[in-house]
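Asker: This structure is in C-alpha cells; I'll ask about it shortly.
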Amino acid sequence: MKDKVIIITGASSGIGLACARDFAARGAKLSLAARRADKLAEIEQELSDAGHEVLVMPTDVSKEKDCKILIDETVQRYGKIDILVNNAGISMRALFKDLDLSVLKQLMDVNFWGTVYCTKYALPYLLETKGSVVGVSSIAGFIGLPGRTGYSASKFAMHGFLQTLRTENLKTGLHVLIAAPGFTASNVRKAALTANGTNQGETPRAEDKMMSAEEVARHLAKAIIKRKRTLILTFKEGKLTVFLSKWWPSLIEKLSYSHMAKEPDSPFK
C-alpha cells in the first residue's frame, strides 16, 4: 500500500478509523471522509504528527454533491486514486411493520447511494490506476436479518451493484472487493436507528466479545493487496452462515430469527 492514494468514507470511528491508522502505517496517502468535522480534525492531527500524508473532508455520502467534492479534492491533492473504501454506513433495529419508511430511505441513501455516488465519481481515476473499489458490507447483505429490514435491503443492493460493476469491468483491470466483517465492535449499533428514526443509544450486543475494528482493518488490507473478490470474517456468524444460507435457507431463517429474538429489548418481544 506504500504511496497508494486511498479514500475511506465513514473514517471518524470504528472500522473506518482503524483502516485509516492501519493503511497509513503501511505508507498509504489518505483521504478521509465523515460527517463529523471535529473528529476528522483530531484524526488529521494524529496521523500528520506521526508523519503520514492525510487529507480530511467533511462529507455526507448521502449527498451526491458531497461525494463529487470528495473525489475532486482528493485528485487535486494527490493526482490520482488507487483505492476507494466505501465504509460509511448506518444500521437500524425495528420490525418492518413498526418502521417509519423515512428510516428505510435514510439507510438506502447512506449505505447504498453513498457507495454508488462515491464509486461513480472515483471510477475514471480507478480505471486509470487499475485500482480497487471496496464495499464494507455485512452478513446482512447475504441473509435477511429480522429486525434489520432496511439494513439488509441496503446491503443486498450494495452487493448487486458491486457484483455487476465487477462483471462490467472484467477486462479493465478494476478490482472489486465485497467485505463482510460479521459482528464487529464499533459504534454502528449505538448509532443504529429505531422505528421512528431516533438513535438506539445502548448496544444490545456484547461488544467486548466481538472482533475488534483493528483486526478487521488488518484482514481488509490483506484482502485488498491480494485483490480478493470477497472477504467474510468470523466463522459461526460469518462463513458458516453464508454457506448454510445457500444450501439450507430455511434453517438459517429459523436460526437468525431465534438469534435476533434473544437480544436484550428485542423488537420481537
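We label chains A, B, ... in the order they appear in the C-alpha cells, count residues from 1 in each chain, and number ligands from 1 in the order shown.
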Mind checking which residues fall within 7 Å of Leu84 of chain A, counting only C-alpha atoms, ignoring those fewer than 4 positions away in the same chain, and posting them as number ranges by chain?

Answerer: A: 6-8, 132-134

Asker: Atoms to include: C-alpha atoms. Write the selected residues as a short mmCIF file (atom, residue, chain, number, x, y, z; two decimals), in the first residue's frame.

Answerer:
```cif
data_model
loop_
_atom_site.label_atom_id
_atom_site.label_comp_id
_atom_site.auth_asym_id
_atom_site.auth_seq_id
_atom_site.Cartn_x
_atom_site.Cartn_y
_atom_site.Cartn_z
CA ILE A 6 -6.80 5.62 -0.53
CA ILE A 7 -10.19 7.21 0.13
CA ILE A 8 -12.04 5.93 3.20
CA SER A 132 -9.77 -1.20 -6.14
CA VAL A 133 -13.37 -0.47 -5.17
CA VAL A 134 -14.21 -1.85 -1.74
#
```

Asker: With 10 Å as the cut-off and only C-alpha atoms counted, what is the closest atom pair between each nearby residue of segment 87-119 of chain A and segment 149-152 of chain A? Distances in Å to one decimal, ordered by chain and number, as CSV.

Answerer:
```
residue,atom,partner,partner_atom,distance
A:Gly89,CA,A:Tyr151,CA,9.2
A:Ile90,CA,A:Tyr151,CA,7.7
A:Ser91,CA,A:Tyr151,CA,5.6
A:Met92,CA,A:Tyr151,CA,6.3
A:Arg93,CA,A:Thr149,CA,8.3
A:Ala94,CA,A:Thr149,CA,7.9
A:Leu95,CA,A:Thr149,CA,7.4
A:Phe96,CA,A:Thr149,CA,6.4
A:Leu99,CA,A:Gly150,CA,9.2
A:Leu101,CA,A:Gly150,CA,9.0
A:Val103,CA,A:Gly150,CA,7.6
A:Leu104,CA,A:Gly150,CA,4.7
A:Lys105,CA,A:Gly150,CA,7.8
A:Gln106,CA,A:Gly150,CA,8.7
A:Leu107,CA,A:Gly150,CA,6.2
A:Met108,CA,A:Gly150,CA,7.2
A:Asn111,CA,A:Tyr151,CA,8.1
A:Phe112,CA,A:Tyr151,CA,9.8
```

Asker: How would the residues just picked look written out with all heavy atoms as a short mmCIF file (atom, residue, chain, number, x, y, z; two decimals), in the first residue's frame?

Answerer:
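Written out: selection-v8.cif:
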```cif
data_model
loop_
_atom_site.label_atom_id
_atom_site.label_comp_id
_atom_site.auth_asym_id
_atom_site.auth_seq_id
_atom_site.Cartn_x
_atom_site.Cartn_y
_atom_site.Cartn_z
N GLY A 89 -21.71 3.95 6.81
CA GLY A 89 -22.96 3.20 6.88
C GLY A 89 -23.68 3.42 8.20
O GLY A 89 -23.06 3.79 9.20
N ILE A 90 -24.98 3.19 8.18
CA ILE A 90 -25.78 3.24 9.41
C ILE A 90 -26.65 1.99 9.47
O ILE A 90 -26.92 1.35 8.45
CB ILE A 90 -26.68 4.50 9.48
CG1 ILE A 90 -27.54 4.64 8.22
CG2 ILE A 90 -25.84 5.75 9.70
CD1 ILE A 90 -28.53 5.78 8.27
N SER A 91 -27.08 1.64 10.67
CA SER A 91 -27.89 0.46 10.87
C SER A 91 -29.25 0.85 11.45
O SER A 91 -29.54 2.03 11.66
CB SER A 91 -27.18 -0.54 11.79
OG SER A 91 -27.90 -1.75 11.88
N MET A 92 -30.08 -0.15 11.72
CA MET A 92 -31.41 0.10 12.28
C MET A 92 -31.83 -1.15 13.06
O MET A 92 -31.26 -2.22 12.91
CB MET A 92 -32.43 0.38 11.19
CG MET A 92 -32.54 -0.74 10.17
SD MET A 92 -34.17 -0.94 9.44
CE MET A 92 -35.10 -1.54 10.82
N ARG A 93 -32.85 -0.98 13.89
CA ARG A 93 -33.36 -2.11 14.68
C ARG A 93 -34.84 -1.88 14.97
O ARG A 93 -35.20 -1.09 15.83
CB ARG A 93 -32.56 -2.23 15.98
CG ARG A 93 -32.89 -3.45 16.83
CD ARG A 93 -31.85 -3.56 17.93
NE ARG A 93 -32.07 -4.69 18.80
CZ ARG A 93 -32.46 -4.60 20.07
NH1 ARG A 93 -32.69 -3.42 20.62
NH2 ARG A 93 -32.61 -5.68 20.81
N ALA A 94 -35.67 -2.55 14.19
CA ALA A 94 -37.13 -2.45 14.36
C ALA A 94 -37.78 -3.42 13.39
O ALA A 94 -37.20 -3.76 12.35
CB ALA A 94 -37.61 -1.03 14.06
N LEU A 95 -38.97 -3.87 13.73
CA LEU A 95 -39.74 -4.68 12.80
C LEU A 95 -40.30 -3.80 11.70
O LEU A 95 -40.67 -2.65 11.93
CB LEU A 95 -40.89 -5.37 13.54
CG LEU A 95 -40.51 -6.37 14.63
CD1 LEU A 95 -41.75 -6.99 15.24
CD2 LEU A 95 -39.57 -7.44 14.10
N PHE A 96 -40.39 -4.34 10.50
CA PHE A 96 -40.85 -3.55 9.36
C PHE A 96 -42.26 -3.00 9.59
O PHE A 96 -42.57 -1.88 9.19
CB PHE A 96 -40.82 -4.40 8.08
CG PHE A 96 -41.28 -3.65 6.87
CD1 PHE A 96 -40.52 -2.61 6.34
CD2 PHE A 96 -42.48 -3.96 6.25
CE1 PHE A 96 -40.94 -1.90 5.23
CE2 PHE A 96 -42.92 -3.26 5.14
CZ PHE A 96 -42.14 -2.23 4.63
N LEU A 99 -41.94 0.23 11.36
CA LEU A 99 -40.91 1.14 10.85
C LEU A 99 -41.49 2.32 10.08
O LEU A 99 -42.33 2.14 9.20
CB LEU A 99 -39.97 0.35 9.94
CG LEU A 99 -38.72 1.07 9.43
CD1 LEU A 99 -37.77 1.39 10.56
CD2 LEU A 99 -38.02 0.19 8.38
N LEU A 101 -41.13 4.67 7.16
CA LEU A 101 -40.44 4.44 5.90
C LEU A 101 -39.29 5.42 5.66
O LEU A 101 -38.38 5.13 4.88
CB LEU A 101 -41.43 4.51 4.73
CG LEU A 101 -42.39 3.31 4.63
CD1 LEU A 101 -43.36 3.51 3.48
CD2 LEU A 101 -41.62 2.01 4.45
N VAL A 103 -37.01 6.00 7.68
CA VAL A 103 -35.82 5.35 8.22
C VAL A 103 -35.19 4.45 7.17
O VAL A 103 -33.98 4.46 6.94
CB VAL A 103 -36.16 4.54 9.49
CG1 VAL A 103 -34.94 3.76 9.99
CG2 VAL A 103 -36.67 5.46 10.59
N LEU A 104 -36.03 3.66 6.49
CA LEU A 104 -35.53 2.79 5.44
C LEU A 104 -34.88 3.61 4.32
O LEU A 104 -33.82 3.25 3.81
CB LEU A 104 -36.68 1.93 4.89
CG LEU A 104 -36.29 0.68 4.09
CD1 LEU A 104 -37.39 -0.36 4.17
CD2 LEU A 104 -36.00 1.01 2.64
N LYS A 105 -35.52 4.72 3.96
CA LYS A 105 -34.96 5.58 2.93
C LYS A 105 -33.60 6.14 3.35
O LYS A 105 -32.66 6.22 2.54
CB LYS A 105 -35.91 6.74 2.60
CG LYS A 105 -35.41 7.63 1.47
CD LYS A 105 -36.38 8.74 1.16
CE LYS A 105 -35.91 9.54 -0.05
NZ LYS A 105 -34.54 10.10 0.13
N GLN A 106 -33.48 6.51 4.62
CA GLN A 106 -32.22 7.06 5.11
C GLN A 106 -31.10 6.02 5.02
O GLN A 106 -29.97 6.34 4.64
CB GLN A 106 -32.37 7.53 6.57
CG GLN A 106 -31.17 8.30 7.09
CD GLN A 106 -31.41 8.87 8.48
OE1 GLN A 106 -32.53 8.88 8.98
NE2 GLN A 106 -30.34 9.32 9.11
N LEU A 107 -31.42 4.78 5.33
CA LEU A 107 -30.42 3.72 5.23
C LEU A 107 -30.00 3.48 3.78
O LEU A 107 -28.82 3.30 3.50
CB LEU A 107 -30.93 2.42 5.86
CG LEU A 107 -30.50 2.25 7.32
CD1 LEU A 107 -31.41 3.00 8.27
CD2 LEU A 107 -30.39 0.80 7.71
N MET A 108 -30.97 3.50 2.88
CA MET A 108 -30.64 3.34 1.46
C MET A 108 -29.79 4.51 0.96
O MET A 108 -28.85 4.32 0.19
CB MET A 108 -31.92 3.23 0.64
CG MET A 108 -32.70 1.95 0.85
SD MET A 108 -31.81 0.43 0.40
CE MET A 108 -31.63 0.64 -1.36
N ASN A 111 -26.15 3.88 2.90
CA ASN A 111 -25.45 2.62 2.65
C ASN A 111 -25.35 2.27 1.17
O ASN A 111 -24.30 1.79 0.72
CB ASN A 111 -26.16 1.48 3.38
CG ASN A 111 -26.17 1.68 4.88
OD1 ASN A 111 -25.53 2.57 5.42
ND2 ASN A 111 -26.91 0.84 5.58
N PHE A 112 -26.43 2.48 0.43
CA PHE A 112 -26.41 2.15 -1.00
C PHE A 112 -25.99 3.33 -1.86
O PHE A 112 -24.98 3.29 -2.56
CB PHE A 112 -27.78 1.63 -1.44
CG PHE A 112 -27.88 1.45 -2.93
CD1 PHE A 112 -27.13 0.47 -3.58
CD2 PHE A 112 -28.72 2.26 -3.70
CE1 PHE A 112 -27.21 0.30 -4.96
CE2 PHE A 112 -28.80 2.10 -5.09
CZ PHE A 112 -28.06 1.12 -5.71
#
```

Asker: Excluding segment 58-63 of chain A and residues on its chain fewer than 2 positions from it, collect all residues at most 8 Å away from it, counting only C-alpha atoms, and give them as an MDAnalysis selection string.

Answerer: chainID A and resid 9 33:37 40 56 65:67 70 88 109:110 113:115 117:118

Asker: For Ala140 of chain A, which residue out of A:Ile71, A:Leu30, A:Met158, A:Ala223 is the nearest one, using only C-alpha atoms?

Answerer: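 Closest candidate: A:Met158.
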
Asker: Among segment 29-115 of chain A, which ones does DSSP assign to strand (DSSP E) (computed from the backbone)? Answer as a VMD selection string.

Answerer: chain A and resid 29 to 34 54 to 58 83 to 86
